[in-house]
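What follows is the content of data.cif, which has mmCIF, C-alpha atoms:
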data_coords
loop_
_atom_site.label_atom_id
_atom_site.label_comp_id
_atom_site.auth_asym_id
_atom_site.auth_seq_id
_atom_site.Cartn_x
_atom_site.Cartn_y
_atom_site.Cartn_z
CA MET A 1 39.91 119.59 90.08
CA ALA A 2 36.63 119.23 88.24
CA PHE A 3 33.30 118.89 90.00
CA ILE A 4 29.91 117.86 88.66
CA ASP A 5 26.80 119.26 90.31
CA LEU A 6 24.26 116.73 91.54
CA SER A 7 20.78 117.09 92.95
CA GLN A 8 20.32 118.26 96.56
CA GLY A 9 23.43 120.45 96.44
CA ALA A 10 25.96 117.60 96.47
CA ARG A 11 28.83 117.44 94.02
CA LEU A 12 30.54 114.49 92.44
CA MET A 13 34.20 114.52 91.49
CA ALA A 14 34.84 113.89 87.80
CA ASP A 15 36.75 110.77 86.76
CA ASP A 16 39.96 112.72 86.06
CA SER A 17 40.18 114.01 89.61
CA PRO A 18 42.78 112.63 92.01
CA PRO A 19 41.60 110.32 94.79
CA VAL A 20 40.53 111.70 98.14
CA ARG A 21 43.45 111.25 100.52
CA ILE A 22 41.95 109.91 103.71
CA LEU A 23 43.76 109.11 106.94
CA VAL A 24 42.32 106.47 109.27
CA VAL A 25 43.57 106.69 112.87
CA ASP A 26 42.52 103.57 114.76
CA ASP A 27 44.45 101.21 117.03
CA ASP A 28 42.40 98.20 115.91
CA ALA A 29 43.83 96.59 112.73
CA GLU A 30 40.52 94.85 112.02
CA ASP A 31 38.61 98.16 112.11
CA ILE A 32 41.17 99.68 109.71
CA TYR A 33 40.72 96.72 107.38
CA LEU A 34 36.93 97.07 107.50
CA LEU A 35 37.09 100.83 106.85
CA LYS A 36 39.37 100.27 103.84
CA ARG A 37 36.92 97.69 102.46
CA LEU A 38 34.03 100.08 103.02
CA LEU A 39 35.79 102.94 101.23
CA ARG A 40 36.61 100.73 98.22
CA ARG A 41 32.85 100.28 97.73
CA SER A 42 32.29 103.97 97.02
CA LYS A 43 30.57 104.62 93.72
CA THR A 44 31.12 108.36 94.10
CA LEU A 45 34.74 108.87 95.09
CA ALA A 46 38.07 107.13 94.79
CA TYR A 47 40.07 107.05 98.03
CA GLN A 48 43.75 106.74 98.75
CA VAL A 49 43.81 105.43 102.31
CA PHE A 50 46.59 105.98 104.83
CA ALA A 51 46.25 104.25 108.19
CA CYS A 52 47.93 104.30 111.57
CA GLY A 53 47.26 103.48 115.21
CA SER A 54 47.91 106.77 117.03
CA LEU A 55 47.44 110.52 116.79
CA ASP A 56 51.22 111.04 116.74
CA GLU A 57 51.64 108.61 113.83
CA GLY A 58 48.74 110.35 112.10
CA ALA A 59 50.40 113.73 112.51
CA ALA A 60 53.60 112.37 110.94
CA ILE A 61 51.64 110.98 107.97
CA ALA A 62 49.69 114.23 107.59
CA ALA A 63 52.95 116.20 107.62
CA ALA A 64 54.32 114.06 104.77
CA GLU A 65 51.11 113.69 102.72
CA ALA A 66 48.42 116.11 101.64
CA ILE A 67 45.59 114.54 103.65
CA ASP A 68 42.07 115.72 102.79
CA VAL A 69 40.01 113.99 105.49
CA VAL A 70 40.73 112.14 108.74
CA LEU A 71 38.65 109.41 110.38
CA VAL A 72 39.65 109.15 114.05
CA ASP A 73 38.60 106.46 116.49
CA PHE A 74 37.49 107.87 119.83
CA PHE A 75 39.33 105.28 121.91
CA LEU A 76 42.95 104.75 120.84
CA GLY A 77 44.22 102.26 123.40
CA VAL A 78 44.47 102.22 127.16
CA GLY A 79 44.04 105.71 128.56
CA VAL A 80 44.05 107.50 125.21
CA SER A 81 40.90 108.98 123.76
CA VAL A 82 39.95 111.98 121.67
CA ASP A 83 38.12 114.40 123.91
CA SER A 84 37.94 118.07 124.76
CA ARG A 85 41.27 117.88 126.61
CA ARG A 86 43.18 116.94 123.40
CA PRO A 87 41.69 119.11 120.64
CA ASN A 88 44.98 120.81 119.81
CA HIS A 89 46.75 117.70 118.52
CA ALA A 90 48.19 118.46 115.06
CA VAL A 91 46.21 115.79 113.21
CA LEU A 92 42.98 117.18 114.67
CA SER A 93 43.53 120.49 112.92
CA LEU A 94 42.47 118.73 109.70
CA PRO A 95 38.80 118.08 108.95
CA PHE A 96 37.94 114.95 110.88
CA LEU A 97 35.10 112.67 111.79
CA LEU A 98 35.14 111.00 115.17
CA LEU A 99 34.27 107.30 115.07
CA SER A 100 33.34 104.96 117.89
CA GLY A 101 31.86 101.57 118.47
CA LEU A 102 31.07 102.47 122.08
CA ASP A 103 27.48 102.87 123.15
CA ALA A 104 27.81 106.20 124.95
CA PRO A 105 25.15 108.88 124.53
CA ASP A 106 27.52 111.80 125.08
CA LEU A 107 30.03 111.00 122.29
CA GLU A 108 28.40 113.40 119.85
CA GLU A 109 28.98 116.20 122.37
CA VAL A 110 32.56 115.00 122.92
CA ALA A 111 33.10 115.12 119.14
CA ARG A 112 31.72 118.66 119.01
CA GLN A 113 34.00 119.83 121.84
CA ALA A 114 37.05 118.18 120.25
CA GLY A 115 36.44 120.09 117.00
CA ALA A 116 35.19 117.18 114.90
CA SER A 117 33.06 117.90 111.89
CA GLY A 118 30.87 114.95 112.73
CA PHE A 119 30.42 111.76 114.71
CA LEU A 120 29.70 108.31 113.32
CA ASP A 121 28.88 105.07 115.10
CA LYS A 122 31.10 102.30 113.70
CA GLY A 123 28.17 99.91 113.89
CA GLY A 124 26.17 101.88 111.34
CA LEU A 125 28.84 103.18 108.98
CA ALA A 126 27.85 103.67 105.36
CA VAL A 127 30.21 104.66 102.58
CA GLU A 128 27.65 107.21 101.36
CA THR A 129 27.93 109.07 104.67
CA ILE A 130 31.71 109.24 104.45
CA ASP A 131 31.43 110.28 100.78
CA ALA A 132 29.08 113.13 101.73
CA PHE A 133 31.50 114.37 104.39
CA ALA A 134 34.50 114.11 102.04
CA LEU A 135 32.66 116.00 99.30
CA GLN A 136 31.69 118.73 101.75
CA VAL A 137 35.33 119.11 102.85
CA LEU A 138 36.66 119.12 99.27
CA ASN A 139 34.09 121.64 98.08
CA ALA A 140 34.79 123.92 101.07
CA ALA A 141 38.51 123.77 100.29
CA ARG A 142 37.83 124.47 96.62
CA ALA A 143 35.71 127.47 97.55
CA GLY A 144 38.48 128.76 99.81
CA LEU A 145 36.41 128.30 102.94
CA ALA A 146 37.94 127.24 106.24
CA THR A 147 38.14 123.46 106.30
CA ARG A 148 37.93 123.17 110.07
CA ARG A 149 34.49 123.82 111.46
CA SER A 150 33.74 125.46 114.73
CA PRO A 151 32.55 123.09 117.46
CA GLU A 152 29.04 124.51 117.11
CA ALA A 153 28.90 123.43 113.45
CA LEU A 154 28.95 119.65 113.99
CA LEU A 155 27.37 117.98 111.01
CA THR A 156 24.17 116.08 111.41
CA LEU A 157 24.92 113.05 109.29
CA PRO A 158 22.36 110.43 108.29
CA ASP A 159 22.37 107.09 110.10
#
Could you render the structure from this file as structure tokens?
Amino acid sequence: MAFIDLSQGARLMADDSPPVRILVVDDDAEDIYLLKRLLRRSKTLAYQVFACGSLDEGAAIAAAEAIDVVLVDFFLGVGVSVDSRRPNHAVLSLPFLLLSGLDAPDLEEVARQAGASGFLDKGGLAVETIDAFALQVLNAARAGLATRRSPEALLTLPD
């Protein structure tokens, strides 16, 4: 996989590189549709998107596919949410960003405790933010670094 260095320490994948394999776990079909549209707008990376509505479905997809990055909705239906009581789910062992449209001030802390590499508000999502996270994950994997961050290393991503 070829990488091109850019300013500010970021790297851009060369055109001959395979697409970033991203898994979207969200129980709302409209949110999945919107995320797919957003990812298609990337000028930096090409994405191959896999989508499902539950952590268990996501684990099955991740077991069958070489997933690079996971975007996980915080609230996955009645009584199911990603929080510090569920951090050992198989799909959450991959690098993931926690997403939510809820207006709750403690979700960034919940993301940190669940092992997420970052938290994003669905209302302010930008493809550049997801690109930056994906590039960080890919470059860490290329360098042989652990792809799962410790809870203390939650990314501070731009709004």
Interatomic distance, CA of Leu94 (chain A) to CA of Asp68 (chain A) (Å, one decimal):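 Here the two named atoms are 7.5 Å from each other.
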Hits of the PyMOL selection byres ((chain A and resi 131) around 10) in this structure, as JSON, numbers by chain: {"A": [12, 20, 39, 42, 43, 44, 45, 46, 47, 126, 127, 128, 129, 130, 132, 133, 134, 135, 136, 137]}
Could the residues in this selection be saved with C-alpha atoms as a CSV table (one decimal), in the coordinates of the input?
chain,number,residue,atom,x,y,z
A,12,LEU,CA,30.5,114.5,92.4
A,20,VAL,CA,40.5,111.7,98.1
A,39,LEU,CA,35.8,102.9,101.2
A,42,SER,CA,32.3,104.0,97.0
A,43,LYS,CA,30.6,104.6,93.7
A,44,THR,CA,31.1,108.4,94.1
A,45,LEU,CA,34.7,108.9,95.1
A,46,ALA,CA,38.1,107.1,94.8
A,47,TYR,CA,40.1,107.0,98.0
A,126,ALA,CA,27.8,103.7,105.4
A,127,VAL,CA,30.2,104.7,102.6
A,128,GLU,CA,27.6,107.2,101.4
A,129,THR,CA,27.9,109.1,104.7
A,130,ILE,CA,31.7,109.2,104.4
A,132,ALA,CA,29.1,113.1,101.7
A,133,PHE,CA,31.5,114.4,104.4
A,134,ALA,CA,34.5,114.1,102.0
A,135,LEU,CA,32.7,116.0,99.3
A,136,GLN,CA,31.7,118.7,101.8
A,137,VAL,CA,35.3,119.1,102.8
Coordinates-based distance that separates CA of Gly58 (chain A) from CA of Asp27 (chain A) (Å, one decimal): 11.2 Å
Nearest to Lys122 (chain A) by atom-to-atom distance, counting all atoms listed in the file, from A:Ala29, A:Ala64, A:Leu35, A:Val69: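 So, comparing all the options, the nearest one is A:Leu35.
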Distance query 12 Å from (49.9, 106.7, 110.7) using all atoms listed in the file, result as an MDAnalysis selection string: chainID A and resid 22:27 29 32 49:65 67 70:72 91
Atom-to-atom span, CA of Gly118 (chain A) and CA of Asp31 (chain A), Å: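 Spanning CA of Gly118 (chain A) to CA of Asp31 (chain A) is a straight-line distance of 18.5 Å.
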Polymer residues at most 12 Å from Gly123 (chain A), all atoms listed in the file, same-chain spacing of 2 or more positions, as a PyMOL selection string: chain A and resi 31+34-35+99-103+120-121+125-126+159
Shortest interatomic distance to Phe119 (chain A) - which of A:Arg40, A:Ala90, A:Glu30, A:Asp73, counting all atoms listed in the file: A:Asp73
Nearest to Ala140 (chain A), chosen from A:Lys36, A:Pro95, A:Ala116, A:Gly124, with all atoms listed in the file counted in the distances: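 Checking each candidate against Ala140 (chain A), we get A:Pro95 as the closest.
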Nearest to Ser93 (chain A), chosen from A:Val110, A:Pro18, A:Pro105, A:Ser117, with all atoms listed in the file counted in the distances: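 Nearest to Ser93 (chain A): A:Ser117.
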